[in-house]
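Q: Take a look at my_file36.cif, mmCIF, N, CA, C and O atoms:
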data_query
loop_
_atom_site.label_atom_id
_atom_site.label_comp_id
_atom_site.auth_asym_id
_atom_site.auth_seq_id
_atom_site.Cartn_x
_atom_site.Cartn_y
_atom_site.Cartn_z
N MET F 95 93.72 64.47 94.98
CA MET F 95 93.51 64.90 96.35
C MET F 95 94.17 63.95 97.34
O MET F 95 94.57 64.39 98.40
N ASP F 96 94.30 62.70 97.00
CA ASP F 96 94.91 61.74 97.92
C ASP F 96 96.34 62.11 98.27
O ASP F 96 96.79 61.89 99.39
N GLU F 97 97.08 62.68 97.31
CA GLU F 97 98.47 63.04 97.54
C GLU F 97 98.62 64.18 98.55
O GLU F 97 99.64 64.31 99.21
N LEU F 98 97.60 65.01 98.69
CA LEU F 98 97.69 66.14 99.61
C LEU F 98 97.82 65.71 101.06
O LEU F 98 98.34 66.45 101.89
N VAL F 99 97.38 64.53 101.38
CA VAL F 99 97.49 64.02 102.75
C VAL F 99 98.96 63.85 103.13
O VAL F 99 99.31 63.97 104.30
N GLU F 100 99.83 63.64 102.17
CA GLU F 100 101.23 63.34 102.44
C GLU F 100 102.16 64.56 102.42
O GLU F 100 103.31 64.44 102.79
N VAL F 101 101.68 65.72 102.01
CA VAL F 101 102.57 66.88 101.89
C VAL F 101 102.72 67.62 103.21
O VAL F 101 101.86 67.55 104.09
N ASP F 102 103.85 68.32 103.36
CA ASP F 102 104.11 69.11 104.56
C ASP F 102 103.64 70.54 104.40
O ASP F 102 103.23 71.18 105.37
N GLU F 103 103.74 71.06 103.18
CA GLU F 103 103.36 72.45 102.91
C GLU F 103 102.76 72.56 101.53
O GLU F 103 103.08 71.78 100.64
N ILE F 104 101.92 73.57 101.38
CA ILE F 104 101.37 73.94 100.07
C ILE F 104 101.46 75.46 99.98
O ILE F 104 101.15 76.17 100.94
N PHE F 105 101.91 75.95 98.82
CA PHE F 105 101.93 77.39 98.62
C PHE F 105 101.50 77.72 97.20
O PHE F 105 101.54 76.88 96.31
N LEU F 106 101.07 78.95 97.03
CA LEU F 106 100.65 79.47 95.73
C LEU F 106 101.60 80.59 95.34
O LEU F 106 102.13 81.30 96.19
N THR F 107 101.79 80.75 94.04
CA THR F 107 102.57 81.88 93.55
C THR F 107 101.76 82.63 92.51
O THR F 107 100.91 82.06 91.85
N GLY F 108 102.03 83.90 92.40
CA GLY F 108 101.34 84.70 91.41
C GLY F 108 101.92 86.10 91.37
O GLY F 108 102.69 86.50 92.24
N THR F 109 101.52 86.86 90.38
CA THR F 109 102.05 88.21 90.20
C THR F 109 101.71 89.10 91.39
O THR F 109 102.56 89.81 91.91
N THR F 110 100.48 89.06 91.84
CA THR F 110 100.09 89.94 92.94
C THR F 110 100.27 89.30 94.31
O THR F 110 100.52 89.99 95.28
N THR F 111 100.16 87.98 94.39
CA THR F 111 100.30 87.32 95.70
C THR F 111 101.73 86.97 96.03
O THR F 111 102.05 86.70 97.17
N GLN F 112 102.60 86.97 95.04
CA GLN F 112 104.01 86.58 95.18
C GLN F 112 104.08 85.13 95.66
O GLN F 112 103.94 84.23 94.86
N ILE F 113 104.25 84.89 96.95
CA ILE F 113 104.27 83.53 97.49
C ILE F 113 103.37 83.53 98.72
O ILE F 113 103.62 84.25 99.68
N ALA F 114 102.33 82.72 98.68
CA ALA F 114 101.37 82.68 99.79
C ALA F 114 101.17 81.24 100.25
O ALA F 114 100.98 80.34 99.44
N SER F 115 101.22 81.04 101.55
CA SER F 115 101.00 79.70 102.09
C SER F 115 99.50 79.38 102.09
O SER F 115 98.66 80.27 102.20
N VAL F 116 99.20 78.11 101.94
CA VAL F 116 97.82 77.64 101.98
C VAL F 116 97.57 77.10 103.38
O VAL F 116 98.32 76.25 103.87
N ALA F 117 96.54 77.59 104.03
CA ALA F 117 96.25 77.18 105.41
C ALA F 117 95.57 75.81 105.46
O ALA F 117 95.97 74.94 106.24
N THR F 118 94.53 75.62 104.66
CA THR F 118 93.81 74.35 104.68
C THR F 118 93.29 74.02 103.29
O THR F 118 93.07 74.92 102.47
N VAL F 119 93.09 72.74 103.06
CA VAL F 119 92.43 72.25 101.85
C VAL F 119 91.41 71.23 102.33
O VAL F 119 91.72 70.35 103.14
N SER F 120 90.20 71.38 101.86
CA SER F 120 89.16 70.42 102.26
C SER F 120 88.21 70.19 101.10
O SER F 120 88.10 71.01 100.19
N ASN F 121 87.59 69.06 101.14
CA ASN F 121 86.50 68.82 100.20
C ASN F 121 85.21 68.83 101.00
O ASN F 121 85.20 69.19 102.17
N ARG F 122 84.14 68.45 100.44
CA ARG F 122 82.86 68.54 101.14
C ARG F 122 82.77 67.58 102.33
O ARG F 122 81.98 67.80 103.23
N GLU F 123 83.58 66.56 102.31
CA GLU F 123 83.48 65.53 103.34
C GLU F 123 84.44 65.73 104.51
O GLU F 123 84.10 65.43 105.65
N LYS F 124 85.66 66.21 104.24
CA LYS F 124 86.63 66.31 105.32
C LYS F 124 87.77 67.26 104.97
O LYS F 124 87.97 67.62 103.82
N GLU F 125 88.50 67.64 106.01
CA GLU F 125 89.70 68.45 105.81
C GLU F 125 90.83 67.52 105.36
O GLU F 125 91.10 66.50 105.99
N ILE F 126 91.48 67.87 104.27
CA ILE F 126 92.51 67.02 103.69
C ILE F 126 93.90 67.48 104.12
O ILE F 126 94.79 66.68 104.36
N PHE F 127 94.09 68.78 104.23
CA PHE F 127 95.39 69.33 104.57
C PHE F 127 95.21 70.49 105.53
O PHE F 127 94.32 71.30 105.37
N LYS F 128 96.05 70.54 106.55
CA LYS F 128 96.09 71.69 107.45
C LYS F 128 97.55 72.07 107.63
O LYS F 128 98.40 71.20 107.84
N THR F 129 97.84 73.34 107.53
CA THR F 129 99.22 73.82 107.54
C THR F 129 99.93 73.55 108.85
O THR F 129 99.31 73.44 109.90
N GLY F 130 101.22 73.45 108.73
CA GLY F 130 102.09 73.30 109.91
C GLY F 130 102.90 74.56 110.09
O GLY F 130 102.37 75.67 110.06
N GLU F 131 104.21 74.41 110.18
CA GLU F 131 105.09 75.56 110.43
C GLU F 131 105.40 76.39 109.20
O GLU F 131 105.82 77.53 109.32
N ASN F 132 105.27 75.85 108.02
CA ASN F 132 105.56 76.57 106.77
C ASN F 132 107.00 77.04 106.67
O ASN F 132 107.28 78.14 106.20
N LYS F 133 107.94 76.22 107.10
CA LYS F 133 109.36 76.60 107.06
C LYS F 133 109.85 76.86 105.64
O LYS F 133 110.55 77.84 105.39
N VAL F 134 109.51 76.00 104.70
CA VAL F 134 109.97 76.17 103.32
C VAL F 134 109.32 77.39 102.69
O VAL F 134 109.98 78.20 102.04
N THR F 135 108.02 77.54 102.88
CA THR F 135 107.31 78.70 102.33
C THR F 135 107.90 79.99 102.87
O THR F 135 108.13 80.94 102.13
N TYR F 136 108.17 80.03 104.16
CA TYR F 136 108.76 81.22 104.77
C TYR F 136 110.12 81.54 104.15
O TYR F 136 110.42 82.69 103.82
N ARG F 137 110.96 80.52 103.95
CA ARG F 137 112.27 80.73 103.34
C ARG F 137 112.13 81.24 101.91
O ARG F 137 112.87 82.13 101.48
N LEU F 138 111.19 80.69 101.16
CA LEU F 138 110.95 81.16 99.79
C LEU F 138 110.49 82.62 99.79
O LEU F 138 110.93 83.42 98.98
N GLN F 139 109.58 82.96 100.71
CA GLN F 139 109.09 84.34 100.79
C GLN F 139 110.23 85.31 101.10
O GLN F 139 110.35 86.36 100.48
N GLN F 140 111.08 84.94 102.05
CA GLN F 140 112.19 85.81 102.43
C GLN F 140 113.19 85.98 101.29
O GLN F 140 113.67 87.09 101.03
N GLU F 141 113.49 84.91 100.61
CA GLU F 141 114.42 84.98 99.48
C GLU F 141 113.83 85.81 98.34
O GLU F 141 114.52 86.61 97.70
N PHE F 142 112.54 85.64 98.09
CA PHE F 142 111.87 86.41 97.05
C PHE F 142 111.94 87.91 97.37
O PHE F 142 112.25 88.72 96.50
N ILE F 143 111.65 88.26 98.60
CA ILE F 143 111.72 89.66 99.02
C ILE F 143 113.14 90.20 98.84
O ILE F 143 113.34 91.29 98.32
N ARG F 144 114.12 89.42 99.27
CA ARG F 144 115.52 89.86 99.13
C ARG F 144 115.89 90.08 97.67
O ARG F 144 116.47 91.10 97.32
N LEU F 145 115.52 89.16 96.82
CA LEU F 145 115.86 89.27 95.40
C LEU F 145 115.14 90.43 94.73
O LEU F 145 115.74 91.16 93.92
N THR F 146 113.88 90.62 95.03
CA THR F 146 113.15 91.71 94.38
C THR F 146 113.59 93.06 94.90
O THR F 146 113.58 94.04 94.15
N ARG F 147 113.99 93.16 96.15
CA ARG F 147 114.52 94.44 96.66
C ARG F 147 115.83 94.78 95.98
O ARG F 147 116.09 95.93 95.69
N ASP F 148 116.67 93.77 95.75
CA ASP F 148 117.94 94.02 95.06
C ASP F 148 117.70 94.52 93.63
O ASP F 148 118.42 95.39 93.16
N VAL F 149 116.70 93.99 92.97
CA VAL F 149 116.40 94.39 91.59
C VAL F 149 115.82 95.80 91.56
O VAL F 149 116.13 96.60 90.69
N LEU F 150 114.98 96.13 92.54
CA LEU F 150 114.32 97.43 92.55
C LEU F 150 115.20 98.55 93.08
O LEU F 150 114.90 99.71 92.87
N SER F 151 116.28 98.23 93.78
CA SER F 151 117.14 99.29 94.35
C SER F 151 118.06 99.88 93.31
O SER F 151 118.42 99.38 92.35
#
Translate the structure described by the file into structure tokens.

A:
Amino acid sequence: MDELVEVDEIFLTGTTTQIASVATVSNREKEIFKTGENKVTYRLQQEFIRLTRDVLS
């Protein structure tokens, strides 16, 4: 959990969620991570959409 304080973005991937940004991470005592602009996550989402549309067309 200590490393989460240093990250700029966190995202999850999965079959149904594809790429989803994480808004916050907290434990019982305090908030450890709160999202910012999500520039990298947004770029990954856009590229994923572009690639999957090309495959499905």

Q: Run through the PyMOL selection byres ((chain F and resi 130-141) around 7) on the given coordinates and return the selected residues as a compact mmCIF listing (two decimals) with N, CA, C and O atoms, in the coordinates of the input.

A:
# COMPACT_ATOMS: atom_id res chain seq x y z
N ASP F 102 103.85 68.32 103.36
CA ASP F 102 104.11 69.11 104.56
C ASP F 102 103.64 70.54 104.40
O ASP F 102 103.23 71.18 105.37
N GLU F 103 103.74 71.06 103.18
CA GLU F 103 103.36 72.45 102.91
C GLU F 103 102.76 72.56 101.53
O GLU F 103 103.08 71.78 100.64
N ILE F 104 101.92 73.57 101.38
CA ILE F 104 101.37 73.94 100.07
C ILE F 104 101.46 75.46 99.98
O ILE F 104 101.15 76.17 100.94
N PHE F 105 101.91 75.95 98.82
CA PHE F 105 101.93 77.39 98.62
C PHE F 105 101.50 77.72 97.20
O PHE F 105 101.54 76.88 96.31
N ILE F 113 104.25 84.89 96.95
CA ILE F 113 104.27 83.53 97.49
C ILE F 113 103.37 83.53 98.72
O ILE F 113 103.62 84.25 99.68
N ALA F 114 102.33 82.72 98.68
CA ALA F 114 101.37 82.68 99.79
C ALA F 114 101.17 81.24 100.25
O ALA F 114 100.98 80.34 99.44
N SER F 115 101.22 81.04 101.55
CA SER F 115 101.00 79.70 102.09
C SER F 115 99.50 79.38 102.09
O SER F 115 98.66 80.27 102.20
N VAL F 116 99.20 78.11 101.94
CA VAL F 116 97.82 77.64 101.98
C VAL F 116 97.57 77.10 103.38
O VAL F 116 98.32 76.25 103.87
N ALA F 117 96.54 77.59 104.03
CA ALA F 117 96.25 77.18 105.41
C ALA F 117 95.57 75.81 105.46
O ALA F 117 95.97 74.94 106.24
N LYS F 128 96.05 70.54 106.55
CA LYS F 128 96.09 71.69 107.45
C LYS F 128 97.55 72.07 107.63
O LYS F 128 98.40 71.20 107.84
N THR F 129 97.84 73.34 107.53
CA THR F 129 99.22 73.82 107.54
C THR F 129 99.93 73.55 108.85
O THR F 129 99.31 73.44 109.90
N PHE F 142 112.54 85.64 98.09
CA PHE F 142 111.87 86.41 97.05
C PHE F 142 111.94 87.91 97.37
O PHE F 142 112.25 88.72 96.50
N ILE F 143 111.65 88.26 98.60
CA ILE F 143 111.72 89.66 99.02
C ILE F 143 113.14 90.20 98.84
O ILE F 143 113.34 91.29 98.32
N ARG F 144 114.12 89.42 99.27
CA ARG F 144 115.52 89.86 99.13
C ARG F 144 115.89 90.08 97.67
O ARG F 144 116.47 91.10 97.32
N LEU F 145 115.52 89.16 96.82
CA LEU F 145 115.86 89.27 95.40
C LEU F 145 115.14 90.43 94.73
O LEU F 145 115.74 91.16 93.92
N THR F 146 113.88 90.62 95.03
CA THR F 146 113.15 91.71 94.38
C THR F 146 113.59 93.06 94.90
O THR F 146 113.58 94.04 94.15
N ARG F 147 113.99 93.16 96.15
CA ARG F 147 114.52 94.44 96.66
C ARG F 147 115.83 94.78 95.98
O ARG F 147 116.09 95.93 95.69

Q: For a test of reading the model, state the distance in Å between atom CA of F:Ser120 and atom CA of F:Glu100, rounded to one decimal.

A: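 Value for the atom CA of F:Ser120-atom CA of F:Glu100 distance: 14.0 Å.
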
Q: Figure out the distance between atom CA of F:Met95 and atom C of F:Arg122, please, to one decimal in Å.

A: 12.6 Å

Q: Hey, can you check how far atom O of F:Lys124 sits from atom CA of F:Glu97?

A: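 That distance, rounded to one decimal, is 13.1 Å.
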
Q: Please, which residues of chain F, numbered as in this document, come out strand (DSSP E or B) from DSSP, as an NGL selection string?

A: :F and (105-108 or 112-115 or 118-120 or 125-128)

Q: Could you rebuild stretch 105-116 of chain F with all heavy atoms and give me the result as an mmCIF file, in the frame of the given file?

A:
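result_35.cif, written as the output of this step:
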data_model
loop_
_atom_site.group_PDB
_atom_site.id
_atom_site.type_symbol
_atom_site.label_atom_id
_atom_site.label_comp_id
_atom_site.auth_asym_id
_atom_site.auth_seq_id
_atom_site.Cartn_x
_atom_site.Cartn_y
_atom_site.Cartn_z
ATOM 1 N N PHE F 105 101.910 75.950 98.820
ATOM 2 C CA PHE F 105 101.930 77.390 98.620
ATOM 3 C C PHE F 105 101.500 77.720 97.200
ATOM 4 O O PHE F 105 101.540 76.880 96.310
ATOM 5 C CB PHE F 105 103.313 77.994 98.932
ATOM 6 C CG PHE F 105 104.426 77.478 98.070
ATOM 7 C CD1 PHE F 105 104.729 78.091 96.860
ATOM 8 C CD2 PHE F 105 105.175 76.387 98.466
ATOM 9 C CE1 PHE F 105 105.762 77.618 96.060
ATOM 10 C CE2 PHE F 105 106.219 75.913 97.685
ATOM 11 C CZ PHE F 105 106.502 76.533 96.481
ATOM 12 N N LEU F 106 101.070 78.950 97.030
ATOM 13 C CA LEU F 106 100.650 79.470 95.730
ATOM 14 C C LEU F 106 101.600 80.590 95.340
ATOM 15 O O LEU F 106 102.130 81.300 96.190
ATOM 16 C CB LEU F 106 99.229 80.021 95.805
ATOM 17 C CG LEU F 106 98.140 79.067 96.276
ATOM 18 C CD1 LEU F 106 96.833 79.818 96.488
ATOM 19 C CD2 LEU F 106 97.962 77.948 95.282
ATOM 20 N N THR F 107 101.790 80.750 94.040
ATOM 21 C CA THR F 107 102.570 81.880 93.550
ATOM 22 C C THR F 107 101.760 82.630 92.510
ATOM 23 O O THR F 107 100.910 82.060 91.850
ATOM 24 C CB THR F 107 103.901 81.416 92.915
ATOM 25 O OG1 THR F 107 103.614 80.577 91.806
ATOM 26 C CG2 THR F 107 104.761 80.682 93.908
ATOM 27 N N GLY F 108 102.030 83.900 92.400
ATOM 28 C CA GLY F 108 101.340 84.700 91.410
ATOM 29 C C GLY F 108 101.920 86.100 91.370
ATOM 30 O O GLY F 108 102.690 86.500 92.240
ATOM 31 N N THR F 109 101.520 86.860 90.380
ATOM 32 C CA THR F 109 102.050 88.210 90.200
ATOM 33 C C THR F 109 101.710 89.100 91.390
ATOM 34 O O THR F 109 102.560 89.810 91.910
ATOM 35 C CB THR F 109 101.482 88.828 88.914
ATOM 36 O OG1 THR F 109 101.802 87.960 87.829
ATOM 37 C CG2 THR F 109 102.071 90.200 88.660
ATOM 38 N N THR F 110 100.480 89.060 91.840
ATOM 39 C CA THR F 110 100.090 89.940 92.940
ATOM 40 C C THR F 110 100.270 89.300 94.310
ATOM 41 O O THR F 110 100.520 89.990 95.280
ATOM 42 C CB THR F 110 98.634 90.405 92.795
ATOM 43 O OG1 THR F 110 97.790 89.251 92.745
ATOM 44 C CG2 THR F 110 98.452 91.231 91.550
ATOM 45 N N THR F 111 100.160 87.980 94.390
ATOM 46 C CA THR F 111 100.300 87.320 95.700
ATOM 47 C C THR F 111 101.730 86.970 96.030
ATOM 48 O O THR F 111 102.050 86.700 97.170
ATOM 49 C CB THR F 111 99.477 86.011 95.751
ATOM 50 O OG1 THR F 111 99.924 85.150 94.712
ATOM 51 C CG2 THR F 111 98.012 86.259 95.620
ATOM 52 N N GLN F 112 102.600 86.970 95.040
ATOM 53 C CA GLN F 112 104.010 86.580 95.180
ATOM 54 C C GLN F 112 104.080 85.130 95.660
ATOM 55 O O GLN F 112 103.940 84.230 94.860
ATOM 56 C CB GLN F 112 104.761 87.542 96.082
ATOM 57 C CG GLN F 112 104.763 88.949 95.521
ATOM 58 C CD GLN F 112 105.333 89.955 96.465
ATOM 59 O OE1 GLN F 112 105.549 89.705 97.635
ATOM 60 N NE2 GLN F 112 105.565 91.154 95.953
ATOM 61 N N ILE F 113 104.250 84.890 96.950
ATOM 62 C CA ILE F 113 104.270 83.530 97.490
ATOM 63 C C ILE F 113 103.370 83.530 98.720
ATOM 64 O O ILE F 113 103.620 84.250 99.680
ATOM 65 C CB ILE F 113 105.687 83.088 97.879
ATOM 66 C CG1 ILE F 113 106.599 83.133 96.648
ATOM 67 C CG2 ILE F 113 105.665 81.694 98.494
ATOM 68 C CD1 ILE F 113 108.065 82.938 96.961
ATOM 69 N N ALA F 114 102.330 82.720 98.680
ATOM 70 C CA ALA F 114 101.370 82.680 99.790
ATOM 71 C C ALA F 114 101.170 81.240 100.250
ATOM 72 O O ALA F 114 100.980 80.340 99.440
ATOM 73 C CB ALA F 114 100.036 83.263 99.344
ATOM 74 N N SER F 115 101.220 81.040 101.550
ATOM 75 C CA SER F 115 101.000 79.700 102.090
ATOM 76 C C SER F 115 99.500 79.380 102.090
ATOM 77 O O SER F 115 98.660 80.270 102.200
ATOM 78 C CB SER F 115 101.561 79.581 103.505
ATOM 79 O OG SER F 115 100.902 80.473 104.365
ATOM 80 N N VAL F 116 99.200 78.110 101.940
ATOM 81 C CA VAL F 116 97.820 77.640 101.980
ATOM 82 C C VAL F 116 97.570 77.100 103.380
ATOM 83 O O VAL F 116 98.320 76.250 103.870
ATOM 84 C CB VAL F 116 97.587 76.537 100.918
ATOM 85 C CG1 VAL F 116 96.210 75.922 101.074
ATOM 86 C CG2 VAL F 116 97.790 77.101 99.526
#
